Amino acid sequence: MPVRREMLWGAASLLLVGLFAGLQISTWPARLSYPGEQNDEGIAFFETLHLRRGVPIYAQPSPGRFDGAVYGPLYYLLGARLIDPEEPTYFPLRLLSVLGTLGCAACSGLLAFWLTRRRRAAVMAPLVFLSYGFVARFGTSARCDVVALFLVFLGFVLAYRYFERRQLFLAIPIMLLGLFYKQQFVVGPLAVVLTLVLTKQYRRAGLFVGLFGLGGLALLGVFQFVVFPRQAFLDHFVSYNAAGASWTQFKYAGLMYLGIVLLVPIILGLEFLRTHPSRLLLCYLSLSVVVSLLTAARVGSDTNYWFEPVLILSTLVAGLVAERSDGPRRAPEVVFLLGITLFLARFFTPPGPQPKDFEADRAVQAYLRRTFPRGTPALSHYAGTLGRAGLDLPISNLDQYRFLLAQGKLPEREVPAELDQCRFKVILLNFELGPAENPRPNISDIPESWVRAILANYRLAASLDMPDTEKVRPDDRFYVWVPRRNRPDSGAGAHR
């Protein structure tokens with residue numbers, strides 16, 4: 001009887017994680033096939049398209065042209081090989097993210113097996129990871145997050161396996177590839193160095209730091225002087241990422257997510273490490289929570305900044321549940337806490353695209369393609385929407401452009417002067433400006449000088465339903481503005 005009861009608790013835990021993972025995976029087909037933008041993927045997608053078409057995306061800002069290109073160069077270079085410049089779609093980049101997501105899940109399962117020597121843990125860890133709503137959201141998106149995470153975590157898993165051997169240093173090139181795919185995931189190398197110092201392996205710590213630093217500098221030099229010569233690669237890669245901090249972001253994307261979603265799995269993970277002491281894993285878990293909490297305060301951050309703690313916690317929680325569910329006294333308790341973990345993992349995640357989103361996107365694309373010639377210069381935050389319709393955005397990243405403008409790094413009158421000349425033939429906004437004599441209060445962070453120039457030189461041509469996947473507020477719509485008059489020097493393609 002006790003053996004059967006233990007088997008039942010083990011089967012119940014597997015069934016539970018399978019159910020919650022299945023609920024998230026069931027949203028993947030809609031997320032992958034949806035033709036429109038999700039999760040702010042449009043800007044990086046369009047910058048990748050620009051690179052594919054030969055535009056120097058790492059160039060210094062020039063009159064009327066700016067690509068932010070704030071992610072790692074490997075993301076843009078690989079993505080440019082996958083995008084069709086004539087009929088660009090998000091699907092190839094989303095499929096690449098799915099491969100990265102599955103790679104992260106596989107690494108989690110492998111590490112769980114090494115920690116426990118239990119096959120159940122190896123199966124359960126990937127399912128726990130895939131049960132998180134934001135993993136389904138960003139792991140099927142045309143972004144660089146999960147591929148970069150996979151590379152860095154793969155390096156960390158190798159470092160764990162060979163921590164006392166010379167093969168430890170094989171983790172360095174893999175981690176560097178991840179950091180040059182996206183600069184976010186720094187916890188892996190930091191945890192290795194900190195653990196080496198705490199275990200008084202100072203020589204190996206110095207060697208790891210030295211090799212990592214030399215490799216990083218070598219790659220910076222290659223991209224600055226060889227791959228993107230005569231461009232400002234270092235400015236884009238380093239300084240343009242220095243966005244400001246937001247107390248609101250810290251509260252909602254940081255403290256609230258930590259307290260609601262991650263508190264229970266952190267307790268479970270620490271309990272596993274109490275019975276399976278590992279200074280390297282404890283350093284990784286501690287640093288990942290601290291770094292994610294701090295970087296979640298960054299302007300524009302989202303739940304994707306919690307990828308590293310969620311990945312390691314999925315491994316530790318699966319290991320604990322796999323072991324405790326075999327014990328007749330602790331099994332109900334640990335399975336109950338697993339259920340709480342999985343239930344809370346669904347929080348802070350918008351649903352996937354719905355049929356009405358597909359319909360709204362088709363209507364928007366039909367209008368843009370029917371109304372404006374290919375190559376028409378446009379101004380909008382929605383770079384992916386316009387880029388798919390064949391329009392050009394000389395300024396592809398308005399958020400980053402406005403940030404540099406606020407820092408005084410760009411001329412304040414540059415864009416208003418372009419608007420006065422009607423150089424942009426289409427302006428796509430998600431809010432209503434109102435009449436010139438009584439404009440709507442600015443709710444978009446677009447500078448007031450831009451608003452005045454738009455109202456003075458452009459007219460509202462159309463108002464279109466916006467897909468929910470692209471809305472910031474429930475009442476958002478697409479508002480299409482066109483010049484009040486045509487100028488002979490501002491035709492389509494003037495900024496190409």
# chains A, B, ... in the order shown; residues from 1 in each chain; ligands from 1
>>> residues_around(residues="A:Ala44", least_positions_apart="5", cutoff="10 Å", atoms="only C-alpha atoms", output="number ranges by chain")
A: 49-50, 67-71, 75-76, 79, 142-144, 383-384, 396-397
>>> closest_atom_pairs(of="stretch 186-283 of chain A", to="stretch 113-124 of chain A", cutoff="12 Å", atoms="only C-alpha atoms", output="Markdown table")
| residue | atom | partner | partner_atom | distance |
| --- | --- | --- | --- | --- |
| A:Phe272 | CA | A:Leu115 | CA | 9.9 |
| A:Leu273 | CA | A:Leu115 | CA | 10.0 |
| A:Thr275 | CA | A:Thr116 | CA | 10.9 |
| A:His276 | CA | A:Leu115 | CA | 7.8 |
| A:Pro277 | CA | A:Leu115 | CA | 10.2 |
| A:Ser278 | CA | A:Leu115 | CA | 9.7 |
| A:Leu281 | CA | A:Leu115 | CA | 10.5 |
>>> write_last_selection(atoms="N, CA, C and O atoms", output="PDB file, in the first residue's frame")
ATOM      1  N   PHE A 272      15.582  22.718  -1.343  1.00  0.00           N
ATOM      2  CA  PHE A 272      16.350  21.708  -2.081  1.00  0.00           C
ATOM      3  C   PHE A 272      17.848  21.909  -1.872  1.00  0.00           C
ATOM      4  O   PHE A 272      18.595  20.946  -1.659  1.00  0.00           O
ATOM      5  N   LEU A 273      18.301  23.156  -1.921  1.00  0.00           N
ATOM      6  CA  LEU A 273      19.727  23.424  -1.746  1.00  0.00           C
ATOM      7  C   LEU A 273      20.182  23.155  -0.317  1.00  0.00           C
ATOM      8  O   LEU A 273      21.376  22.932  -0.075  1.00  0.00           O
ATOM      9  N   THR A 275      19.325  20.529   1.375  1.00  0.00           N
ATOM     10  CA  THR A 275      19.625  19.096   1.411  1.00  0.00           C
ATOM     11  C   THR A 275      20.625  18.679   0.326  1.00  0.00           C
ATOM     12  O   THR A 275      21.156  17.572   0.386  1.00  0.00           O
ATOM     13  N   HIS A 276      20.843  19.542  -0.655  1.00  0.00           N
ATOM     14  CA  HIS A 276      21.823  19.277  -1.716  1.00  0.00           C
ATOM     15  C   HIS A 276      22.718  20.510  -1.852  1.00  0.00           C
ATOM     16  O   HIS A 276      22.588  21.280  -2.812  1.00  0.00           O
ATOM     17  N   PRO A 277      23.607  20.735  -0.897  1.00  0.00           N
ATOM     18  CA  PRO A 277      24.404  21.975  -0.897  1.00  0.00           C
ATOM     19  C   PRO A 277      25.233  22.116  -2.177  1.00  0.00           C
ATOM     20  O   PRO A 277      25.910  21.184  -2.609  1.00  0.00           O
ATOM     21  N   SER A 278      25.123  23.285  -2.789  1.00  0.00           N
ATOM     22  CA  SER A 278      25.930  23.619  -3.965  1.00  0.00           C
ATOM     23  C   SER A 278      26.155  25.124  -3.950  1.00  0.00           C
ATOM     24  O   SER A 278      25.221  25.897  -4.157  1.00  0.00           O
ATOM     25  N   LEU A 281      25.252  26.778  -7.364  1.00  0.00           N
ATOM     26  CA  LEU A 281      23.827  26.976  -7.625  1.00  0.00           C
ATOM     27  C   LEU A 281      23.224  28.025  -6.702  1.00  0.00           C
ATOM     28  O   LEU A 281      22.345  28.796  -7.118  1.00  0.00           O
TER      29      LEU A 281
END
>>> residues_around(residues="A:Arg94", least_positions_apart="6", cutoff="7 Å", atoms="only C-alpha atoms", output="list of chain:residue names")
A:Leu32, A:Thr140, A:Ser141, A:Ala142
>>> write_last_selection(atoms="C-alpha atoms", output="compact mmCIF listing (two decimals), in the first residue's frame")
# COMPACT_ATOMS: atom_id res chain seq x y z
CA LEU A 32 3.51 31.57 -33.87
CA THR A 140 7.46 32.25 -29.05
CA SER A 141 8.24 35.87 -29.90
CA ALA A 142 10.56 37.27 -32.57
>>> closest_residue(among="A:Ser288, A:Gln38, A:Thr195, A:Ser325", to="A:Ala12", atoms="only C-alpha atoms")
A:Ser325
>>> select_by_dssp(residues="stretch 309-479 of chain A", states="strand (DSSP E or B)", output="NGL selection string")
:A and (377-380 or 392 or 395 or 426-429 or 458-465 or 477-479)
>>> write_last_selection(atoms="C-alpha atoms", output="compact mmCIF listing (two decimals), in the first residue's frame")
# COMPACT_ATOMS: atom_id res chain seq x y z
CA PRO A 377 8.79 57.05 -45.50
CA ALA A 378 6.79 56.84 -42.27
CA LEU A 379 7.02 57.79 -38.62
CA SER A 380 5.63 55.51 -35.91
CA ASP A 392 10.15 52.50 -44.64
CA ILE A 395 13.62 56.37 -37.48
CA VAL A 426 2.62 58.58 -43.14
CA ILE A 427 2.41 58.98 -39.37
CA LEU A 428 0.82 56.12 -37.45
CA LEU A 429 -0.18 56.80 -33.83
CA TYR A 458 -0.77 66.82 -41.33
CA ARG A 459 -4.41 65.76 -41.39
CA LEU A 460 -6.10 62.68 -40.00
CA ALA A 461 -6.78 60.31 -42.90
CA ALA A 462 -8.14 57.22 -41.14
CA SER A 463 -8.87 55.60 -37.82
CA LEU A 464 -8.51 51.81 -37.71
CA ASP A 465 -9.22 49.08 -35.20
CA ARG A 477 -6.75 52.66 -32.12
CA PHE A 478 -4.52 53.29 -35.10
CA TYR A 479 -4.69 56.92 -36.26
